file protein.csv (CSV, C-alpha atoms)
chain,number,residue,atom,x,y,z
A,390,MET,CA,139.6,-14.4,-40.3
A,391,PHE,CA,138.8,-15.0,-43.9
A,392,GLY,CA,141.5,-17.2,-45.4
A,393,VAL,CA,140.2,-16.4,-48.8
A,394,PRO,CA,138.5,-13.2,-49.9
A,395,LEU,CA,134.8,-13.1,-49.1
A,396,SER,CA,134.0,-12.9,-52.8
A,397,SER,CA,135.5,-16.3,-53.4
A,398,GLN,CA,133.6,-17.9,-50.6
A,399,ARG,CA,130.7,-18.4,-53.0
A,400,LEU,CA,128.2,-16.4,-51.1
A,401,PRO,CA,124.9,-16.8,-52.9
A,402,ILE,CA,123.4,-13.5,-54.1
A,403,PHE,CA,120.7,-13.7,-51.4
A,404,PRO,CA,122.1,-16.2,-48.9
A,405,SER,CA,120.3,-17.4,-45.9
A,406,SER,CA,120.2,-14.9,-43.1
A,407,HIS,CA,122.4,-17.2,-41.2
A,408,THR,CA,125.5,-16.4,-43.4
A,409,VAL,CA,125.5,-12.7,-43.0
A,410,HIS,CA,124.4,-12.7,-39.4
A,411,ASP,CA,127.3,-15.1,-38.4
A,412,THR,CA,129.8,-13.3,-40.5
A,413,LEU,CA,128.9,-10.0,-38.9
A,414,LYS,CA,129.2,-11.5,-35.4
A,415,LEU,CA,132.4,-13.3,-36.1
A,416,ASP,CA,134.3,-11.0,-38.4
A,417,GLU,CA,132.8,-7.6,-39.0
A,418,PRO,CA,136.1,-6.0,-40.1
A,419,GLY,CA,136.4,-8.7,-42.8
A,420,LEU,CA,133.0,-8.0,-44.0
A,421,VAL,CA,133.5,-4.2,-44.0
A,422,ARG,CA,136.7,-4.7,-46.0
A,423,ALA,CA,134.8,-6.8,-48.6
A,424,LEU,CA,132.2,-4.0,-48.8
A,425,GLN,CA,135.0,-1.4,-49.2
A,426,ALA,CA,136.4,-3.6,-52.0
A,427,GLY,CA,133.1,-3.3,-53.8
A,428,ASP,CA,132.3,-7.0,-53.7
A,429,GLU,CA,128.9,-7.3,-55.3
A,430,GLN,CA,128.0,-10.6,-53.7
A,431,VAL,CA,128.8,-9.3,-50.2
A,432,PHE,CA,126.9,-6.1,-50.9
A,433,ALA,CA,123.9,-8.1,-52.2
A,434,ALA,CA,124.0,-10.3,-49.1
A,435,VAL,CA,124.2,-7.4,-46.7
A,436,MET,CA,121.5,-5.4,-48.5
A,437,ASP,CA,119.3,-8.5,-48.3
A,438,TRP,CA,119.9,-9.0,-44.6
A,439,TYR,CA,119.4,-5.4,-43.5
A,440,SER,CA,116.8,-3.9,-45.9
A,441,GLY,CA,113.8,-5.3,-44.0
A,442,SER,CA,115.1,-3.9,-40.8
A,443,LEU,CA,115.8,-0.6,-42.4
A,444,LEU,CA,112.4,-0.5,-43.9
A,445,ARG,CA,110.8,-1.2,-40.6
A,446,LEU,CA,112.7,1.7,-39.0
A,447,ALA,CA,112.1,4.0,-42.0
A,448,MET,CA,108.3,3.5,-41.6
A,449,SER,CA,108.4,5.1,-38.2
A,450,PHE,CA,109.7,8.4,-39.8
A,451,VAL,CA,107.8,8.8,-43.0
A,452,PRO,CA,104.1,8.7,-44.0
A,453,SER,CA,104.0,5.7,-46.3
A,454,ARG,CA,105.6,2.5,-47.2
A,455,ALA,CA,106.5,3.8,-50.7
A,456,VAL,CA,108.4,6.7,-49.2
A,457,ALA,CA,110.0,4.3,-46.7
A,458,GLU,CA,111.2,2.2,-49.6
A,459,GLU,CA,112.8,5.2,-51.2
A,460,VAL,CA,114.5,6.2,-47.9
A,461,VAL,CA,116.0,2.7,-47.8
A,462,GLN,CA,117.2,3.0,-51.4
A,463,GLU,CA,118.8,6.4,-50.5
A,464,THR,CA,120.4,4.8,-47.4
A,465,TRP,CA,122.2,2.2,-49.5
A,466,MET,CA,123.3,4.9,-51.9
A,467,GLY,CA,124.8,6.6,-48.8
A,468,VAL,CA,126.5,3.3,-47.9
A,469,PHE,CA,128.0,3.0,-51.4
A,470,GLU,CA,129.3,6.5,-51.1
A,471,GLY,CA,130.5,6.4,-47.5
A,472,ILE,CA,131.8,2.9,-46.9
A,473,HIS,CA,135.4,4.0,-47.7
A,474,ARG,CA,135.2,6.5,-44.9
A,475,PHE,CA,133.8,4.0,-42.4
A,476,GLU,CA,136.4,3.6,-39.6
A,477,SER,CA,134.6,1.1,-37.3
A,478,ARG,CA,134.2,3.7,-34.5
A,479,SER,CA,130.7,2.3,-34.2
A,480,SER,CA,129.4,-1.1,-35.3
A,481,PHE,CA,128.4,-1.4,-39.0
A,482,LYS,CA,124.8,-1.8,-38.0
A,483,THR,CA,124.8,1.4,-35.9
A,484,TRP,CA,126.4,3.3,-38.7
A,485,LEU,CA,123.8,2.0,-41.1
A,486,PHE,CA,120.9,2.9,-38.9
A,487,ARG,CA,122.4,6.3,-38.4
A,488,ILE,CA,122.5,6.9,-42.2
A,489,LEU,CA,118.9,5.8,-42.5
A,490,THR,CA,117.8,8.1,-39.6
A,491,ASN,CA,119.5,11.1,-41.1
A,492,ARG,CA,117.9,10.5,-44.5
A,493,ALA,CA,114.5,9.6,-43.0
A,494,LYS,CA,114.4,12.7,-40.9
A,495,THR,CA,115.2,14.9,-43.9
A,496,ARG,CA,112.5,13.1,-45.9
A,497,GLY,CA,110.0,13.2,-43.0
A,498,ILE,CA,110.4,17.0,-42.8
A,499,ARG,CA,110.0,17.3,-46.6
A,500,GLU,CA,106.8,15.2,-46.5
A,501,SER,CA,105.4,16.9,-43.4
A,502,ARG,CA,102.2,17.7,-45.2
A,503,TYR,CA,101.4,14.1,-44.5
A,504,GLU,CA,100.5,12.8,-41.1
A,505,PRO,CA,103.2,10.3,-40.0
A,506,PHE,CA,102.1,6.7,-39.4
A,507,GLY,CA,100.1,6.3,-36.3
A,508,LEU,CA,100.5,9.8,-34.9
A,509,SER,CA,97.2,10.8,-33.5
A,510,ALA,CA,96.5,14.2,-32.1
A,511,SER,CA,96.2,12.8,-28.6
A,512,SER,CA,99.4,10.8,-28.5
A,513,GLY,CA,102.3,12.4,-26.9
A,514,GLU,CA,105.4,12.9,-29.0
A,515,THR,CA,107.7,13.4,-26.1
A,516,ASP,CA,108.3,11.8,-22.7
A,517,GLU,CA,106.3,14.5,-21.0
A,518,GLY,CA,102.8,14.3,-19.6
A,519,PRO,CA,101.0,11.5,-17.7
A,520,SER,CA,102.0,8.0,-18.6
A,521,LEU,CA,99.5,5.3,-19.6
A,522,GLU,CA,100.2,3.2,-16.5
A,523,ASP,CA,99.0,6.0,-14.2
A,524,SER,CA,95.5,4.9,-15.1
A,525,PHE,CA,96.2,1.4,-13.7
A,526,PHE,CA,96.5,2.5,-10.1
A,527,VAL,CA,94.4,3.9,-7.3
A,528,THR,CA,95.1,7.6,-7.0
A,529,GLU,CA,93.7,8.4,-3.5
A,530,GLY,CA,92.9,7.0,-0.1
A,531,SER,CA,94.8,4.3,1.8
A,532,GLY,CA,95.1,2.1,-1.4
A,533,MET,CA,96.9,4.9,-3.3
A,534,GLY,CA,99.6,3.5,-5.6
A,535,HIS,CA,98.1,0.0,-5.6
A,536,TRP,CA,96.7,-1.8,-8.6
A,537,LYS,CA,93.0,-1.1,-9.4
A,538,ASP,CA,92.9,-4.4,-11.3
A,539,PRO,CA,95.9,-6.5,-10.3
A,540,PRO,CA,97.5,-8.2,-13.3
A,541,ASP,CA,96.9,-11.9,-13.8
A,542,ALA,CA,99.5,-14.5,-14.8
A,543,TRP,CA,99.5,-14.7,-18.6
A,544,GLU,CA,99.1,-18.0,-20.4
A,545,PRO,CA,102.5,-19.8,-20.6
A,546,ASP,CA,102.4,-19.9,-24.4
A,547,THR,CA,105.6,-18.9,-26.1
A,548,PRO,CA,105.8,-15.6,-27.9
A,549,GLU,CA,106.3,-17.5,-31.2
A,550,ARG,CA,102.9,-19.3,-30.6
A,551,VAL,CA,101.2,-16.0,-29.7
A,552,LEU,CA,102.4,-14.5,-33.0
A,553,LEU,CA,100.9,-17.4,-34.9
A,554,SER,CA,97.5,-16.0,-34.0
A,555,LYS,CA,96.5,-13.6,-36.8
A,556,GLU,CA,94.4,-11.5,-34.5
A,557,CYS,CA,97.1,-11.2,-31.9
A,558,ARG,CA,99.8,-10.5,-34.6
A,559,ALA,CA,97.5,-7.7,-36.0
A,560,ALA,CA,96.9,-6.3,-32.6
A,561,ILE,CA,100.5,-6.0,-31.7
A,562,GLU,CA,101.4,-4.5,-35.2
A,563,GLN,CA,98.6,-2.0,-34.8
A,564,ALA,CA,99.7,-1.1,-31.3
A,565,ILE,CA,103.2,-0.4,-32.7
A,566,GLU,CA,101.8,1.7,-35.6
A,567,ARG,CA,99.7,3.8,-33.1
A,568,LEU,CA,102.8,4.7,-31.0
A,569,PRO,CA,104.1,8.2,-31.2
A,570,PRO,CA,107.0,8.1,-33.8
A,571,THR,CA,109.8,8.6,-31.3
A,572,GLN,CA,108.5,5.8,-29.0
A,573,ARG,CA,108.2,3.6,-32.1
A,574,GLN,CA,111.7,4.4,-33.2
A,575,VAL,CA,113.2,3.5,-29.8
A,576,MET,CA,111.2,0.3,-29.5
A,577,THR,CA,112.1,-0.7,-33.1
A,578,LEU,CA,115.8,-0.3,-32.5
A,579,ARG,CA,115.8,-1.8,-29.0
A,580,ASP,CA,113.3,-4.6,-28.8
A,581,MET,CA,113.1,-5.6,-32.5
A,582,GLU,CA,116.6,-5.0,-33.7
A,583,GLY,CA,118.4,-5.6,-30.4
A,584,VAL,CA,120.5,-2.4,-30.6
A,585,GLY,CA,122.0,-1.3,-27.2
A,586,SER,CA,120.7,1.8,-25.4
A,587,GLU,CA,123.9,3.8,-25.8
A,588,GLU,CA,123.9,3.2,-29.6
A,589,ILE,CA,120.2,4.2,-29.8
A,590,CYS,CA,121.1,7.5,-28.1
A,591,ASN,CA,123.8,7.9,-30.8
A,592,ILE,CA,121.5,7.0,-33.7
A,593,LEU,CA,118.5,9.1,-32.6
A,594,GLU,CA,120.5,11.8,-30.9
A,595,ILE,CA,118.5,11.6,-27.7
A,596,SER,CA,119.5,11.4,-24.0
A,597,GLU,CA,119.8,8.1,-22.1
A,598,THR,CA,117.0,9.1,-19.8
A,599,ASN,CA,114.7,10.1,-22.7
A,600,GLN,CA,115.5,6.9,-24.4
A,601,ARG,CA,114.5,4.9,-21.4
A,602,VAL,CA,111.3,6.8,-20.8
A,603,LEU,CA,110.2,6.5,-24.5
A,604,LEU,CA,111.0,2.8,-24.4
A,605,HIS,CA,109.1,2.2,-21.2
A,606,ARG,CA,106.0,4.0,-22.5
A,607,ALA,CA,106.1,2.1,-25.8
A,608,ARG,CA,106.4,-1.2,-24.0
A,609,THR,CA,103.6,-0.3,-21.6
A,610,SER,CA,101.3,0.5,-24.5
A,611,VAL,CA,102.1,-2.7,-26.4
A,612,ARG,CA,101.6,-4.8,-23.2
A,613,ARG,CA,98.2,-3.3,-22.7
A,614,GLU,CA,97.2,-4.2,-26.3
A,615,LEU,CA,98.5,-7.7,-26.0
A,616,ASN,CA,96.7,-8.3,-22.7
A,617,PRO,CA,93.2,-9.3,-23.9
A,618,TYR,CA,94.7,-11.7,-26.5
A,619,ILE,CA,96.8,-13.6,-24.1
A,620,GLN,CA,94.3,-13.7,-21.3
A,621,GLY,CA,91.4,-14.5,-23.6
A,622,ASP,CA,91.0,-17.5,-25.9
A,623,ASN,CA,92.2,-15.9,-29.0
A,624,THR,CA,95.6,-17.6,-29.0
B,219,MET,CA,95.0,-8.3,9.3
B,220,ASP,CA,92.7,-5.9,7.4
B,221,THR,CA,93.6,-4.7,3.9
B,222,ASN,CA,94.7,-1.2,5.1
B,223,SER,CA,97.2,-2.6,7.6
B,224,LYS,CA,98.4,-5.1,5.0
B,225,ASN,CA,99.1,-2.3,2.5
B,226,LYS,CA,100.9,-0.2,5.2
B,227,LEU,CA,103.0,-3.2,6.2
B,228,MET,CA,103.9,-4.0,2.6
B,229,ARG,CA,104.9,-0.4,1.9
B,230,TYR,CA,107.1,-0.4,5.0
B,231,MET,CA,108.8,-3.6,4.1
B,232,ALA,CA,109.3,-2.6,0.5
B,233,GLY,CA,110.9,0.7,1.5
B,234,ASN,CA,107.9,2.7,0.4
B,235,PHE,CA,107.9,1.5,-3.2
B,236,SER,CA,104.3,1.3,-4.3
B,237,CYS,CA,103.0,-1.0,-7.1
B,238,GLN,CA,102.8,2.1,-9.2
B,239,ASP,CA,106.5,2.9,-8.6
B,240,ILE,CA,107.4,-0.7,-9.5
B,241,ALA,CA,105.4,-0.5,-12.8
B,242,GLN,CA,107.2,2.8,-13.6
B,243,LEU,CA,110.7,1.5,-12.8
B,244,ILE,CA,110.5,-1.8,-14.7
B,245,THR,CA,112.5,-0.7,-17.7
B,246,ASP,CA,115.1,0.8,-15.5
B,247,TYR,CA,115.2,-2.4,-13.5
B,248,LEU,CA,115.6,-4.6,-16.6
B,249,ASP,CA,118.3,-2.2,-17.9
B,250,GLY,CA,120.2,-2.5,-14.7
B,251,SER,CA,120.0,1.3,-14.2
B,252,LEU,CA,118.6,1.4,-10.7
B,253,THR,CA,120.9,2.2,-7.8
B,254,LEU,CA,121.8,-0.6,-5.5
B,255,GLY,CA,119.3,0.7,-2.9
B,256,GLU,CA,116.5,1.0,-5.4
B,257,GLN,CA,117.2,-2.5,-6.8
B,258,VAL,CA,117.0,-4.0,-3.3
B,259,ARG,CA,113.7,-2.2,-2.6
B,260,PHE,CA,112.4,-3.2,-6.0
B,261,GLN,CA,113.2,-6.8,-5.3
B,262,ILE,CA,111.7,-6.8,-1.8
B,263,HIS,CA,108.5,-5.4,-3.2
B,264,LEU,CA,108.5,-8.1,-5.9
B,265,GLY,CA,109.0,-10.7,-3.2
B,266,LEU,CA,105.9,-9.5,-1.4
B,267,CYS,CA,103.6,-8.6,-4.3
B,268,PHE,CA,102.2,-11.3,-6.5
B,269,ALA,CA,100.5,-8.7,-8.8
B,270,CYS,CA,103.8,-6.9,-9.5
B,271,ARG,CA,105.5,-10.2,-10.2
B,272,ASN,CA,102.8,-11.0,-12.8
B,273,TYR,CA,103.2,-7.5,-14.3
B,274,LEU,CA,107.0,-7.9,-14.6
B,275,ARG,CA,106.5,-11.3,-16.3
B,276,GLN,CA,104.0,-9.7,-18.6
B,277,MET,CA,106.4,-7.0,-19.6
B,278,LYS,CA,109.2,-9.5,-20.2
B,279,TYR,CA,106.8,-11.5,-22.3
B,280,THR,CA,105.9,-8.4,-24.3
B,281,ILE,CA,109.6,-7.8,-25.0
B,282,GLY,CA,110.1,-11.4,-25.9
B,283,THR,CA,107.1,-11.2,-28.4
B,284,LEU,CA,108.5,-8.0,-29.9
B,285,ARG,CA,111.8,-9.7,-30.5
B,286,GLN,CA,110.1,-12.4,-32.5
B,287,LEU,CA,108.5,-10.0,-34.9
B,288,PRO,CA,110.1,-10.5,-38.3
B,289,PRO,CA,111.4,-7.4,-40.3
B,290,GLU,CA,109.3,-5.9,-43.0
B,291,PRO,CA,109.2,-8.0,-46.2
B,292,VAL,CA,111.4,-6.5,-48.9
B,293,PRO,CA,109.7,-6.8,-52.3
B,294,GLN,CA,111.7,-8.6,-55.0
B,295,HIS,CA,111.6,-5.5,-57.3
B,296,MET,CA,113.3,-3.5,-54.6
B,297,LYS,CA,116.1,-6.0,-54.2
B,298,GLU,CA,116.7,-6.0,-57.9
B,299,GLU,CA,116.6,-2.2,-58.0
B,300,LEU,CA,119.2,-2.0,-55.2
B,301,LEU,CA,121.5,-4.4,-57.0
B,302,GLU,CA,121.1,-2.3,-60.2
B,303,ARG,CA,121.9,0.9,-58.3
B,304,PHE,CA,125.0,-0.8,-56.8
B,305,ARG,CA,126.2,-1.9,-60.3
B,306,THR,CA,125.6,1.6,-61.8
B,307,TRP,CA,127.4,3.1,-58.8
B,308,LYS,CA,130.4,0.7,-59.1
B,309,GLN,CA,130.7,1.4,-62.9
B,310,ARG,CA,131.0,5.1,-62.1
B,311,HIS,CA,133.5,4.5,-59.3
B,312,PRO,CA,135.9,1.7,-60.3
B,313,GLN,CA,137.9,0.8,-57.2
B,314,SER,CA,141.2,-0.9,-56.8
B,315,PRO,CA,141.1,-4.1,-54.7
B,316,VAL,CA,141.7,-3.5,-50.9
B,317,LYS,CA,144.6,-5.0,-49.1
B,318,SER,CA,142.8,-8.0,-47.8
B,319,GLU,CA,142.1,-9.2,-51.3
B,320,ILE,CA,145.6,-8.8,-52.6
B,321,GLU,CA,147.4,-10.3,-49.7
call {"tool": "encode", "arguments": {"input": "protein.csv", "output": "C-alpha cells"}}
result
Amino acid sequence: MFGVPLSSQRLPIFPSSHTVHDTLKLDEPGLVRALQAGDEQVFAAVMDWYSGSLLRLAMSFVPSRAVAEEVVQETWMGVFEGIHRFESRSSFKTWLFRILTNRAKTRGIRESRYEPFGLSASSGETDEGPSLEDSFFVTEGSGMGHWKDPPDAWEPDTPERVLLSKECRAAIEQAIERLPPTQRQVMTLRDMEGVGSEEICNILEISETNQRVLLHRARTSVRRELNPYIQGDNT
Amino acid sequence: MDTNSKNKLMRYMAGNFSCQDIAQLITDYLDGSLTLGEQVRFQIHLGLCFACRNYLRQMKYTIGTLRQLPPEPVPQHMKEELLERFRTWKQRHPQSPVKSEIE
C-alpha cells in the first residue's frame, strides 16, 4: 500500500488522530511493518493514538490513575519487545489490548490492598444474581412482567449534545466508574472502543455468554443513570 | 377491553414474551444472537408495545452516547516519557531495516 516507507511520509510526531486511524483501517500490515522496523515517527503516532484508550481500559483494572499510567507505560514496553513476534493472527488493536489486560491484571493483583475504582461491596462482580432491571417490573399478579413505570420517549437530542452538559457528562462517567470492574471492562472495549464481541472474549478470557450478560448489565446501569438527565431539563 | 384482557392478548400475540423478557434480551437482539423464532417474537412484542419500543430506543441512545465519550486525556509528560523509553529501547536493540523499507 505504501509506495514509500511510512517513515518518509512525514508523519508528524503527534499527528491528527485521522492519520493513524485511516492508516490502521487501510493498511494495518504496512503500519505493523513500520513498527517492526522501529520507525520512531510511526511509534510516536501510534502511541499517541492509542494511549488514551489504553489508559481508560487500565483504569478499570487498577486502583488509581497513577498506577494506570504505569500500566500503559509497561504495555508499550511490551509492544517494543514483542512487535517482532506479532503475526497478525489478531488485529493490532486486539493484540495491544491483550498486552494491557495481562499487565493490568498482574498489577491489579499486586495492588489488591487497594479497592479497585468503583467496586462497592454491594455491586456484583459476576453475571450472577438478580439484574438491575428486575426492579423495573411488576413481579406478581396479572400484570407480572409488565413495566411498573413505562419508559417515556427521550428527548431527541443527539448524544454529542447530551455530553455537552457538564452534569450529564459527570453522571455518565460516575455511572461507569461505579460499575463492577468486569462490566466496566466489557463496556469500555465494546461500546467505547468498538471492539467486537469475539475479540473481547479473547482479550478478557471470558465466554461469549458471560460477555453479553456483563455488557447488558453495564448498559442497563448507565441507561438508568442517564434517564433523569435526558428526561429532565438538565440538557 | 380491560387492562387484564389487554395484557393477556398482548402476551398471546407476542408469543409469551413479557416486557421484562424484552428488556433482558435487548443486548442479544442488538447483537443478532437471538434465534429466528425469538427474533420474530421480539419484534411482534415491539410492534405491540410502545413502552418497550421506547426502552429499546433509550438503550440504543445510551450506546450512542457511550461511543461519543472521548478517551482519557494523556498528559504531555507521559507522551514524552513514552518516546524517551522508545529511544532508550531502540538504542539497546538496534534493528536492521525490514523488507518493506529496503524494497
call {"tool": "residues_around", "arguments": {"input": "protein.csv", "residues": "region 448-458 of chain A", "least_positions_apart": "3", "cutoff": "12 Å", "atoms": "only C-alpha atoms", "output": "PyMOL selection string"}}
result
(chain A and resi 440-445+461-465+489-508+565-578+593) or (chain B and resi 289-293+295-297+299-300)
call {"tool": "closest_residue", "arguments": {"input": "protein.csv", "among": "A:Cys590, A:Ala607, A:Leu552, A:Val584", "to": "Gly282 (chain B)", "atoms": "all atoms listed in the file"}}
result
A:Leu552
call {"tool": "interface_residues", "arguments": {"input": "protein.csv", "of": "chain A", "to": "chain B", "cutoff": "6 Å", "atoms": "only C-alpha atoms", "output": "compact mmCIF listing (two decimals) with C-alpha atoms, in the coordinates of the input"}}
result
# COMPACT_ATOMS: atom_id res chain seq x y z
CA PRO A 394 138.50 -13.20 -49.90
CA ALA A 426 136.40 -3.60 -52.00
CA GLY A 441 113.80 -5.30 -44.00
CA SER A 442 115.10 -3.90 -40.80
CA ARG A 445 110.80 -1.20 -40.60
CA GLY A 534 99.60 3.50 -5.60
CA HIS A 535 98.10 0.00 -5.60
CA PRO A 539 95.90 -6.50 -10.30
CA PRO A 540 97.50 -8.20 -13.30
CA ALA A 542 99.50 -14.50 -14.80
CA PRO A 548 105.80 -15.60 -27.90
CA ASP A 580 113.30 -4.60 -28.80
CA MET A 581 113.10 -5.60 -32.50
CA HIS A 605 109.10 2.20 -21.20
CA ARG A 612 101.60 -4.80 -23.20
call {"tool": "atom_distance", "arguments": {"input": "protein.csv", "atom1": "CA of Arg474 (chain A)", "atom2": "CA of Glu587 (chain A)"}}
result
22.4 Å
call {"tool": "atom_distance", "arguments": {"input": "protein.csv", "atom1": "CA of Ile472 (chain A)", "atom2": "CA of Gln425 (chain A)"}}
result
5.8 Å
call {"tool": "atom_distance", "arguments": {"input": "protein.csv", "atom1": "CA of Val460 (chain A)", "atom2": "CA of Glu588 (chain A)"}}
result
20.8 Å
call {"tool": "build_atoms", "arguments": {"input": "protein.csv", "residues": "region 538-561 of chain A", "atoms": "N, CA and C atoms", "output": "short mmCIF file (atom, residue, chain, number, x, y, z; two decimals), keeping the file's coordinate frame"}}
result
data_model
loop_
_atom_site.label_atom_id
_atom_site.label_comp_id
_atom_site.auth_asym_id
_atom_site.auth_seq_id
_atom_site.Cartn_x
_atom_site.Cartn_y
_atom_site.Cartn_z
N ASP A 538 93.23 -3.05 -10.76
CA ASP A 538 92.90 -4.40 -11.30
C ASP A 538 94.15 -5.18 -11.38
N PRO A 539 94.54 -5.89 -10.33
CA PRO A 539 95.90 -6.50 -10.30
C PRO A 539 96.08 -7.46 -11.53
N PRO A 540 97.25 -7.37 -12.15
CA PRO A 540 97.50 -8.20 -13.30
C PRO A 540 97.50 -9.69 -13.01
N ASP A 541 96.92 -10.45 -13.91
CA ASP A 541 96.90 -11.90 -13.80
C ASP A 541 98.16 -12.50 -14.41
N ALA A 542 98.37 -13.77 -14.13
CA ALA A 542 99.50 -14.50 -14.80
C ALA A 542 98.99 -14.71 -16.27
N TRP A 543 99.86 -14.45 -17.23
CA TRP A 543 99.50 -14.70 -18.60
C TRP A 543 99.69 -16.21 -18.91
N GLU A 544 98.99 -16.65 -19.96
CA GLU A 544 99.10 -18.00 -20.40
C GLU A 544 100.60 -18.34 -20.69
N PRO A 545 101.06 -19.52 -20.37
CA PRO A 545 102.50 -19.80 -20.60
C PRO A 545 102.84 -20.14 -22.06
N ASP A 546 102.06 -19.63 -23.01
CA ASP A 546 102.40 -19.90 -24.40
C ASP A 546 103.69 -19.14 -24.76
N THR A 547 104.43 -19.65 -25.71
CA THR A 547 105.60 -18.90 -26.10
C THR A 547 105.27 -17.76 -27.00
N PRO A 548 106.12 -16.72 -27.02
CA PRO A 548 105.80 -15.60 -27.90
C PRO A 548 105.65 -16.03 -29.37
N GLU A 549 106.40 -17.03 -29.80
CA GLU A 549 106.30 -17.50 -31.20
C GLU A 549 104.86 -18.00 -31.44
N ARG A 550 104.28 -18.73 -30.46
CA ARG A 550 102.90 -19.30 -30.60
C ARG A 550 101.90 -18.15 -30.62
N VAL A 551 102.14 -17.16 -29.77
CA VAL A 551 101.20 -16.00 -29.70
C VAL A 551 101.18 -15.32 -31.06
N LEU A 552 102.35 -15.19 -31.69
CA LEU A 552 102.40 -14.50 -33.00
C LEU A 552 101.78 -15.28 -34.11
N LEU A 553 101.55 -16.57 -33.88
CA LEU A 553 100.90 -17.40 -34.90
C LEU A 553 99.42 -17.02 -35.04
N SER A 554 98.87 -16.45 -33.97
CA SER A 554 97.50 -16.00 -34.00
C SER A 554 97.40 -14.72 -34.84
N LYS A 555 96.59 -14.78 -35.93
CA LYS A 555 96.50 -13.60 -36.80
C LYS A 555 95.99 -12.38 -36.07
N GLU A 556 94.97 -12.61 -35.21
CA GLU A 556 94.40 -11.50 -34.50
C GLU A 556 95.42 -10.85 -33.56
N CYS A 557 96.17 -11.72 -32.90
CA CYS A 557 97.10 -11.20 -31.90
C CYS A 557 98.27 -10.49 -32.66
N ARG A 558 98.72 -11.06 -33.76
CA ARG A 558 99.80 -10.50 -34.60
C ARG A 558 99.33 -9.08 -35.06
N ALA A 559 98.07 -9.02 -35.55
CA ALA A 559 97.50 -7.70 -36.00
C ALA A 559 97.45 -6.73 -34.91
N ALA A 560 97.02 -7.20 -33.73
CA ALA A 560 96.90 -6.30 -32.60
C ALA A 560 98.22 -5.68 -32.20
N ILE A 561 99.24 -6.50 -32.18
CA ILE A 561 100.50 -6.00 -31.70
C ILE A 561 101.12 -5.05 -32.81
#
